[in-house]
Structures are given as C-alpha cells and as structure tokens.
Amino acid sequence: MNIHEYQAKDILREYGAPVSSGIIVKSKNEIEKKISELQNKAYVLKAQIHAGGRGKAGGVKLIKEKSELIFEAKKMMGKVLITHQTGPEGKKVKRLYIEEASEISKEYYLSCLIDRQTSKIAFISSTEGGMDIEKVAIESPEKIKTVKIHYTENSPTDDEIEEIVSIFNFEGNQLEESKNLIKILYKILIEKDASLIEINPLIITKQSKLVCLDAKMNFDDNATFRRPEILKLRDLNEEEPAEIEASKNDLAYIKLNGSIGCMVNGAGLAMATMDIIKLYGQEPANFLDVGGGASKEKVTAAFKLILADQNVKGILINIFGGIMRCDVLAQGVVEAAKQVNLSVPLVVRLAGTNFMEGRDILDKSNLKILSASDLNDAAKKIVEAIK
C-alpha cells in the first residue's frame, strides 16, 4: 500500500524526524483560505499522486508570491500528470501539498527497505540526492552504499549506523542528526510494517540543518489488519478501480495493458502463464491469482473482473487443482460466463483434483470453450483464437 508524501512526512514528524512545515489542500474551494494562513516568504507547491517523476511533469513548483501560489494551485488541482511511472493515461491531481521552501546547500539520498532476497533490512545511502537512484546505480555505482542488517527489535548497532552514513562525510551536529534519522527510519519500518521508506532528497540547508525534503513510504498489504492507523491513509482515488474491487473479494489482481485475460491459482503459475503468453507473441491483460482454496463465488467474481476490462480479447484459465477443486472453478466460470454473455474466446487448461469433473461441467455448458492439454497448448490456442 502506498501513501502520499504529506502523509509520509506526518509519520516522520511523529517520530521526530526533521521535515518542513506544510499544509494539505484537498479542493479548489479551500485554496485561497489555506494559502492566506501561510507565513513564509517562499513556497513549494507539490501535486500529491502515487507516482515518481512529478517535478519533470510540472507537478512541483517553487513560488515566491502568494498571488502566484494561488494561481498555480488552482491550475494544478485537477491537472493530469503523466510521468514515467503513471503510464500514458497519467494521474489526476486531487490533492496539493504546500510547504515552506528550503535553501538547499547539498542533496543526498537515503532509504531503507525489506530485502527479500537476503531476508534482511537494507539501507541505501548516496551522495546523489534528487536523482533516480536506479540511474545512479548504473552510471555511478561507487556513489551508492548499501548496508544490509539482520532484523532485531532494537535499533541497528552503532557500527552499522556509522557504515550507513559514512558516505555522507558529515561532521558534528549533522553527523549526529543523520545517525538519529537512521534509528527513526528503522523504528518506523518495524512498528508500521513498512516495506520501503525513501528520503529523496535528504538535504543540508544553507543554515546547516538536515531536512527530509521529500518522502515516500510503502506498506505491507498483508499487515494492514493490525495497522488501522496506516489503512486509514489509503487513497482509493490513486488505485485502479478493478484492483479495489479485487481486494474486496480477496483476489490478487494487477491490471496490465495486454489483450489476454488470465485466471490462475498460485502466483508462480500465474507468472509462468503470463510469460508463455508473451512467448507466443501476445501480452497478458492482467495478473490474477484466485488462490489455493477459491470458492465458486470467488471464481465468479474473478471472471467478471477480467471481462470488465475492455482491452480483453480472449481469456486463458490455467488451474492446477491441489486444494483448489477444478469442478468448483468450472462451475464458477460457467455461471459468470452466462451472467455476462461471454463473447470472447475462452481457453481452459485444468489439471489435478477433480479435473475430469471440471471438464465435464465445461463440456455440458453449451459455451464455446477450448480445452487445452497443457500450458503450452493453452497459450498457443488462445493466441490463435484472438487472431
């Protein structure tokens, strides 16, 4: 789960991290009133969307006059920003964050995240703040330090903290402030079940103060049941409507841009199904894992979800029955197909528990369904069918 920058900064502030003061604006009607209460001489106007690259898309502006700030805020509210992370459709700006401008002396990068490959917590620090860290990693890897530490309920050790901040070459108060910031980020990561906290840029002001100028936080979806204060921060306007509907039915669904809808049980099998569709020259329209023990109702909801995508020209169902019974899936597919008047090709590959019963249900449904003997055969048939 993602949250907005201003929400991430509220959490940082709560834990004692240095952040600038700011206000959030959620409608055009409150722009003038809120801006009139500001006291600073210069401001930064920031569009709040769940995507990086806002600055390059005109979503971040430095402004010195309140009259100009009001004008630009009204202009930005409702604007569609297109960045390298939004896709060509972009994201509509529905929230603005206005904060005090900082006089920047130097920019740095700092993040911590769950490293699933090593089952450790990784801290990444760099002297190249304000840039895409992926680009820095490719062009100047020597300017990035990665320190991976074992999870403990306590803070990282003094030696680990020293290593994380060593690349910054801070001294005096800045060094102590950066060390304290490492402890804060670690504490937030553990106590809030965050999977990523990114400060980019982390700056030193001309007054020699350390400030978290921008902040991004991601949280583990599977842990939100025990973090109601985090779940309250969820902004459904920033999420794909189909993915919201999927979450209501406990389905793992991610919308993609292809033309072949996929329904699979198991994340690994779903990835293999998507890969083989690409191998045969087409693109998957979604990632959809119905889970190991899906009910007939859940399968029906999943099928409707796929067909709601106007880009879908064909559907591939690939089920290996373990806990999941193939006859249950088949019944759900038949009911959903009849409800929505199925009009696109459908290829089904069943294997495992009750697969013969499942095939029998599909054969007697009077629906135009192509059976496949294996995954290779299934991919080949659905690609040929949509042509």
# chains A, B, ... in the order shown; residues from 1 in each chain; ligands from 1
>>> select_by_dssp(residues="stretch 174-314 of chain A", states="strand (DSSP E or B)", output="PyMOL selection string")
chain A and resi 194-205+210-212+215-219+252-255+260-264+284+286-289+314
>>> residues_around(residues="stretch 263-271 of chain A", least_positions_apart="3", cutoff="8 Å", atoms="only C-alpha atoms", output="PDB file with N, CA and C atoms, in the first residue's frame")
ATOM      1  N   MET A 274       1.712 -15.879 -17.721  1.00  0.00           N
ATOM      2  CA  MET A 274       1.955 -14.594 -18.369  1.00  0.00           C
ATOM      3  C   MET A 274       3.176 -14.674 -19.288  1.00  0.00           C
ATOM      4  N   ASP A 275       4.204 -15.356 -18.820  1.00  0.00           N
ATOM      5  CA  ASP A 275       5.431 -15.485 -19.623  1.00  0.00           C
ATOM      6  C   ASP A 275       5.174 -16.226 -20.935  1.00  0.00           C
ATOM      7  N   PHE A 287      -2.540  -9.756 -14.123  1.00  0.00           N
ATOM      8  CA  PHE A 287      -2.079 -10.817 -13.223  1.00  0.00           C
ATOM      9  C   PHE A 287      -3.265 -11.101 -12.315  1.00  0.00           C
ATOM     10  N   LEU A 288      -3.708 -12.360 -12.232  1.00  0.00           N
ATOM     11  CA  LEU A 288      -4.839 -12.693 -11.369  1.00  0.00           C
ATOM     12  C   LEU A 288      -4.637 -14.065 -10.749  1.00  0.00           C
ATOM     13  N   ASP A 289      -4.443 -14.063  -9.443  1.00  0.00           N
ATOM     14  CA  ASP A 289      -4.285 -15.293  -8.674  1.00  0.00           C
ATOM     15  C   ASP A 289      -5.525 -15.461  -7.802  1.00  0.00           C
ATOM     16  N   VAL A 290      -6.333 -16.495  -8.073  1.00  0.00           N
ATOM     17  CA  VAL A 290      -7.559 -16.705  -7.294  1.00  0.00           C
ATOM     18  C   VAL A 290      -7.286 -17.438  -5.983  1.00  0.00           C
ATOM     19  N   GLY A 291      -6.058 -17.880  -5.789  1.00  0.00           N
ATOM     20  CA  GLY A 291      -5.710 -18.530  -4.529  1.00  0.00           C
ATOM     21  C   GLY A 291      -5.925 -20.029  -4.568  1.00  0.00           C
ATOM     22  N   GLY A 292      -5.439 -20.682  -3.530  1.00  0.00           N
ATOM     23  CA  GLY A 292      -5.475 -22.142  -3.495  1.00  0.00           C
ATOM     24  C   GLY A 292      -6.828 -22.730  -3.171  1.00  0.00           C
ATOM     25  N   ALA A 302     -13.856 -13.220 -10.018  1.00  0.00           N
ATOM     26  CA  ALA A 302     -12.616 -13.089 -10.783  1.00  0.00           C
ATOM     27  C   ALA A 302     -12.896 -13.044 -12.284  1.00  0.00           C
ATOM     28  N   PHE A 303     -13.806 -13.900 -12.728  1.00  0.00           N
ATOM     29  CA  PHE A 303     -14.143 -13.959 -14.145  1.00  0.00           C
ATOM     30  C   PHE A 303     -14.782 -12.644 -14.603  1.00  0.00           C
ATOM     31  N   ILE A 315      -9.549 -15.054 -23.123  1.00  0.00           N
ATOM     32  CA  ILE A 315      -9.249 -15.406 -21.734  1.00  0.00           C
ATOM     33  C   ILE A 315      -8.586 -16.773 -21.690  1.00  0.00           C
ATOM     34  N   LEU A 316      -7.547 -16.867 -20.872  1.00  0.00           N
ATOM     35  CA  LEU A 316      -6.870 -18.131 -20.629  1.00  0.00           C
ATOM     36  C   LEU A 316      -7.005 -18.465 -19.142  1.00  0.00           C
ATOM     37  N   ILE A 317      -7.629 -19.598 -18.854  1.00  0.00           N
ATOM     38  CA  ILE A 317      -7.746 -20.079 -17.481  1.00  0.00           C
ATOM     39  C   ILE A 317      -6.817 -21.273 -17.319  1.00  0.00           C
ATOM     40  N   ASN A 318      -5.929 -21.179 -16.351  1.00  0.00           N
ATOM     41  CA  ASN A 318      -4.919 -22.211 -16.133  1.00  0.00           C
ATOM     42  C   ASN A 318      -4.957 -22.609 -14.656  1.00  0.00           C
ATOM     43  N   ILE A 319      -5.569 -23.753 -14.379  1.00  0.00           N
ATOM     44  CA  ILE A 319      -5.763 -24.170 -12.992  1.00  0.00           C
ATOM     45  C   ILE A 319      -5.117 -25.522 -12.733  1.00  0.00           C
ATOM     46  N   PHE A 320      -4.311 -25.580 -11.693  1.00  0.00           N
ATOM     47  CA  PHE A 320      -3.783 -26.856 -11.213  1.00  0.00           C
ATOM     48  C   PHE A 320      -4.460 -27.135  -9.877  1.00  0.00           C
ATOM     49  N   MET A 324      -7.428 -26.396  -4.477  1.00  0.00           N
ATOM     50  CA  MET A 324      -8.445 -25.888  -5.406  1.00  0.00           C
ATOM     51  C   MET A 324      -9.035 -27.047  -6.212  1.00  0.00           C
TER      52      MET A 324
END
>>> closest_residue(among="A:Lys183, A:His150, A:Arg13, A:Lys216", to="A:Gly52", atoms="only C-alpha atoms")
A:Lys216
>>> residues_around(residues="stretch 220-229 of chain A", least_positions_apart="3", cutoff="8 Å", atoms="only C-alpha atoms", output="MDAnalysis selection string")
chainID A and resid 1 192:195 232:233
>>> closest_residue(among="A:Glu89, A:Met131, A:Glu100, A:Pro241", to="A:Gly55", atoms="only C-alpha atoms")
A:Met131
>>> closest_residue(among="A:Asn2, A:Thr300, A:Gln282, A:Asn29", to="A:Leu251", atoms="only C-alpha atoms")
A:Thr300
>>> atom_distance(atom1="atom CA of A:Phe123", atom2="atom CA of A:Ala215")
14.9 Å
>>> atom_distance(atom1="atom CA of A:Asn200", atom2="atom CA of A:Gly129")
5.8 Å
>>> closest_residue(among="A:Phe71, A:Tyr97, A:Phe355, A:Phe168", to="A:Glu128", atoms="only C-alpha atoms")
A:Phe168
>>> residues_around(residues="A:Lys179", least_positions_apart="5", cutoff="12 Å", atoms="only C-alpha atoms", output="VMD selection string")
chain A and resid 17 110 155 to 166 168 170 to 174 184 to 186 210
>>> write_last_selection(atoms="N, CA and C atoms", output="mmCIF file, in the first residue's frame")
data_model
loop_
_atom_site.group_PDB
_atom_site.id
_atom_site.type_symbol
_atom_site.label_atom_id
_atom_site.label_comp_id
_atom_site.auth_asym_id
_atom_site.auth_seq_id
_atom_site.Cartn_x
_atom_site.Cartn_y
_atom_site.Cartn_z
ATOM 1 N N ALA A 17 11.588 13.042 13.131
ATOM 2 C CA ALA A 17 12.483 13.325 12.002
ATOM 3 C C ALA A 17 12.317 14.784 11.564
ATOM 4 N N LEU A 110 18.605 8.677 0.808
ATOM 5 C CA LEU A 110 18.602 7.709 1.901
ATOM 6 C C LEU A 110 17.311 6.901 1.852
ATOM 7 N N SER A 155 17.347 -0.918 17.628
ATOM 8 C CA SER A 155 17.923 -0.166 16.517
ATOM 9 C C SER A 155 19.137 -0.896 15.962
ATOM 10 N N PRO A 156 19.589 -0.500 14.758
ATOM 11 C CA PRO A 156 20.865 -1.034 14.262
ATOM 12 C C PRO A 156 21.980 -0.705 15.246
ATOM 13 N N THR A 157 23.062 -1.456 15.190
ATOM 14 C CA THR A 157 24.185 -1.190 16.087
ATOM 15 C C THR A 157 24.883 0.115 15.695
ATOM 16 N N ASP A 158 25.686 0.637 16.591
ATOM 17 C CA ASP A 158 26.425 1.876 16.308
ATOM 18 C C ASP A 158 27.334 1.695 15.091
ATOM 19 N N ASP A 159 27.948 0.529 14.970
ATOM 20 C CA ASP A 159 28.845 0.274 13.841
ATOM 21 C C ASP A 159 28.060 0.261 12.520
ATOM 22 N N GLU A 160 26.876 -0.339 12.543
ATOM 23 C CA GLU A 160 26.049 -0.393 11.329
ATOM 24 C C GLU A 160 25.597 1.011 10.920
ATOM 25 N N ILE A 161 25.212 1.803 11.907
ATOM 26 C CA ILE A 161 24.778 3.172 11.624
ATOM 27 C C ILE A 161 25.940 3.994 11.065
ATOM 28 N N GLU A 162 27.109 3.829 11.650
ATOM 29 C CA GLU A 162 28.309 4.537 11.159
ATOM 30 C C GLU A 162 28.575 4.188 9.702
ATOM 31 N N GLU A 163 28.414 2.923 9.359
ATOM 32 C CA GLU A 163 28.671 2.486 7.986
ATOM 33 C C GLU A 163 27.640 3.067 7.019
ATOM 34 N N ILE A 164 26.379 3.109 7.439
ATOM 35 C CA ILE A 164 25.310 3.627 6.572
ATOM 36 C C ILE A 164 25.558 5.085 6.209
ATOM 37 N N VAL A 165 25.940 5.898 7.198
ATOM 38 C CA VAL A 165 26.071 7.350 6.964
ATOM 39 C C VAL A 165 27.475 7.755 6.543
ATOM 40 N N SER A 166 28.412 6.810 6.485
ATOM 41 C CA SER A 166 29.810 7.165 6.202
ATOM 42 C C SER A 166 29.986 7.838 4.855
ATOM 43 N N PHE A 168 28.223 10.018 3.476
ATOM 44 C CA PHE A 168 27.851 11.432 3.507
ATOM 45 C C PHE A 168 28.996 12.344 3.962
ATOM 46 N N PHE A 170 29.527 13.485 6.918
ATOM 47 C CA PHE A 170 29.023 14.509 7.840
ATOM 48 C C PHE A 170 29.937 14.640 9.046
ATOM 49 N N GLU A 171 29.848 15.798 9.673
ATOM 50 C CA GLU A 171 30.582 16.038 10.909
ATOM 51 C C GLU A 171 29.674 16.756 11.901
ATOM 52 N N GLY A 172 30.046 16.728 13.177
ATOM 53 C CA GLY A 172 29.339 17.489 14.211
ATOM 54 C C GLY A 172 27.864 17.181 14.311
ATOM 55 N N ASN A 173 27.046 18.236 14.367
ATOM 56 C CA ASN A 173 25.601 18.067 14.537
ATOM 57 C C ASN A 173 24.963 17.302 13.387
ATOM 58 N N GLN A 174 25.446 17.544 12.164
ATOM 59 C CA GLN A 174 24.878 16.853 11.009
ATOM 60 C C GLN A 174 25.087 15.343 11.120
ATOM 61 N N ILE A 184 15.330 6.397 13.473
ATOM 62 C CA ILE A 184 13.916 6.721 13.257
ATOM 63 C C ILE A 184 13.339 5.913 12.100
ATOM 64 N N LEU A 185 14.062 5.862 10.984
ATOM 65 C CA LEU A 185 13.580 5.118 9.818
ATOM 66 C C LEU A 185 13.420 3.642 10.149
ATOM 67 N N TYR A 186 14.366 3.103 10.869
ATOM 68 C CA TYR A 186 14.300 1.690 11.250
ATOM 69 C C TYR A 186 13.088 1.439 12.147
ATOM 70 N N LEU A 210 19.736 19.492 8.745
ATOM 71 C CA LEU A 210 19.372 18.289 7.999
ATOM 72 C C LEU A 210 17.848 18.238 7.878
#
>>> residues_around(residues="A:Asn40", least_positions_apart="5", cutoff="10 Å", atoms="only C-alpha atoms", output="PyMOL selection string")
chain A and resi 21+64-66+99-101
>>> write_last_selection(atoms="N, CA, C and O atoms", output="PDB file, in the first residue's frame")
ATOM      1  N   SER A  21       7.529  22.438   7.483  1.00  0.00           N
ATOM      2  CA  SER A  21       6.109  22.636   7.766  1.00  0.00           C
ATOM      3  C   SER A  21       5.355  22.774   6.449  1.00  0.00           C
ATOM      4  O   SER A  21       5.874  23.311   5.476  1.00  0.00           O
ATOM      5  N   LYS A  64       7.269  32.310  -5.040  1.00  0.00           N
ATOM      6  CA  LYS A  64       7.616  33.294  -4.015  1.00  0.00           C
ATOM      7  C   LYS A  64       6.482  34.248  -3.650  1.00  0.00           C
ATOM      8  O   LYS A  64       6.538  34.897  -2.613  1.00  0.00           O
ATOM      9  N   GLU A  65       5.488  34.383  -4.504  1.00  0.00           N
ATOM     10  CA  GLU A  65       4.389  35.306  -4.225  1.00  0.00           C
ATOM     11  C   GLU A  65       3.097  34.536  -3.957  1.00  0.00           C
ATOM     12  O   GLU A  65       2.782  33.574  -4.660  1.00  0.00           O
ATOM     13  N   LYS A  66       2.331  34.975  -2.951  1.00  0.00           N
ATOM     14  CA  LYS A  66       1.089  34.281  -2.615  1.00  0.00           C
ATOM     15  C   LYS A  66       0.069  34.338  -3.747  1.00  0.00           C
ATOM     16  O   LYS A  66      -0.667  33.383  -3.981  1.00  0.00           O
ATOM     17  N   GLU A  99       4.451  23.525   1.095  1.00  0.00           N
ATOM     18  CA  GLU A  99       5.333  23.591   2.256  1.00  0.00           C
ATOM     19  C   GLU A  99       6.327  24.735   2.128  1.00  0.00           C
ATOM     20  O   GLU A  99       6.513  25.308   1.050  1.00  0.00           O
ATOM     21  N   GLU A 100       6.940  25.060   3.239  1.00  0.00           N
ATOM     22  CA  GLU A 100       7.933  26.121   3.262  1.00  0.00           C
ATOM     23  C   GLU A 100       9.121  25.722   2.389  1.00  0.00           C
ATOM     24  O   GLU A 100       9.595  24.593   2.447  1.00  0.00           O
ATOM     25  N   ALA A 101       9.587  26.647   1.585  1.00  0.00           N
ATOM     26  CA  ALA A 101      10.749  26.368   0.735  1.00  0.00           C
ATOM     27  C   ALA A 101      12.011  26.320   1.581  1.00  0.00           C
ATOM     28  O   ALA A 101      12.150  27.064   2.556  1.00  0.00           O
TER      29      ALA A 101
END
>>> closest_residue(among="A:Ser259, A:Ser373, A:Thr86, A:Ser365", to="A:Pro345", atoms="only C-alpha atoms")
A:Ser259
>>> residues_around(residues="stretch 374-378 of chain A", least_positions_apart="5", cutoff="9 Å", atoms="only C-alpha atoms", output="PyMOL selection string")
chain A and resi 272-273+276+316-318+347-351+383
>>> select_by_dssp(residues="stretch 19-89 of chain A", states="helix (DSSP H, G or I)", output="list in words")
Lys28, Asn29, Glu30, Ile31, Glu32, Lys33, Lys34, Ile35, Ser36, Gly55, Lys56, Ala57, Lys66, Ser67, Glu68, Leu69, Ile70, Phe71, Glu72, Ala73, Lys74, Lys75 and Met76 of chain A
>>> write_last_selection(atoms="C-alpha atoms", output="short mmCIF file (atom, residue, chain, number, x, y, z; two decimals), in the first residue's frame")
data_model
loop_
_atom_site.label_atom_id
_atom_site.label_comp_id
_atom_site.auth_asym_id
_atom_site.auth_seq_id
_atom_site.Cartn_x
_atom_site.Cartn_y
_atom_site.Cartn_z
CA LYS A 28 -10.13 24.22 -5.11
CA ASN A 29 -12.60 25.85 -2.72
CA GLU A 30 -10.13 25.84 0.17
CA ILE A 31 -7.04 27.01 -1.74
CA GLU A 32 -7.29 30.75 -1.01
CA LYS A 33 -8.19 30.35 2.66
CA LYS A 34 -5.37 27.93 3.43
CA ILE A 35 -2.76 29.87 1.49
CA SER A 36 -3.71 33.11 3.28
CA GLY A 55 8.89 17.52 -10.96
CA LYS A 56 9.64 16.73 -14.60
CA ALA A 57 5.88 16.62 -15.33
CA LYS A 66 1.09 34.28 -2.62
CA SER A 67 -0.92 35.57 -5.57
CA GLU A 68 1.13 33.39 -7.91
CA LEU A 69 0.80 30.48 -5.48
CA ILE A 70 -3.00 30.74 -5.54
CA PHE A 71 -2.99 30.91 -9.34
CA GLU A 72 -0.67 27.92 -9.76
CA ALA A 73 -2.51 25.87 -7.13
CA LYS A 74 -5.84 26.33 -8.91
CA LYS A 75 -4.15 25.47 -12.19
CA MET A 76 -2.52 22.31 -10.78
#
>>> atom_distance(atom1="atom CA of A:Ala137", atom2="atom CA of A:Val44")
28.3 Å
>>> closest_residue(among="A:Lys120, A:Lys26, A:Lys381, A:Arg359", to="A:Gly78", atoms="only C-alpha atoms")
A:Lys26
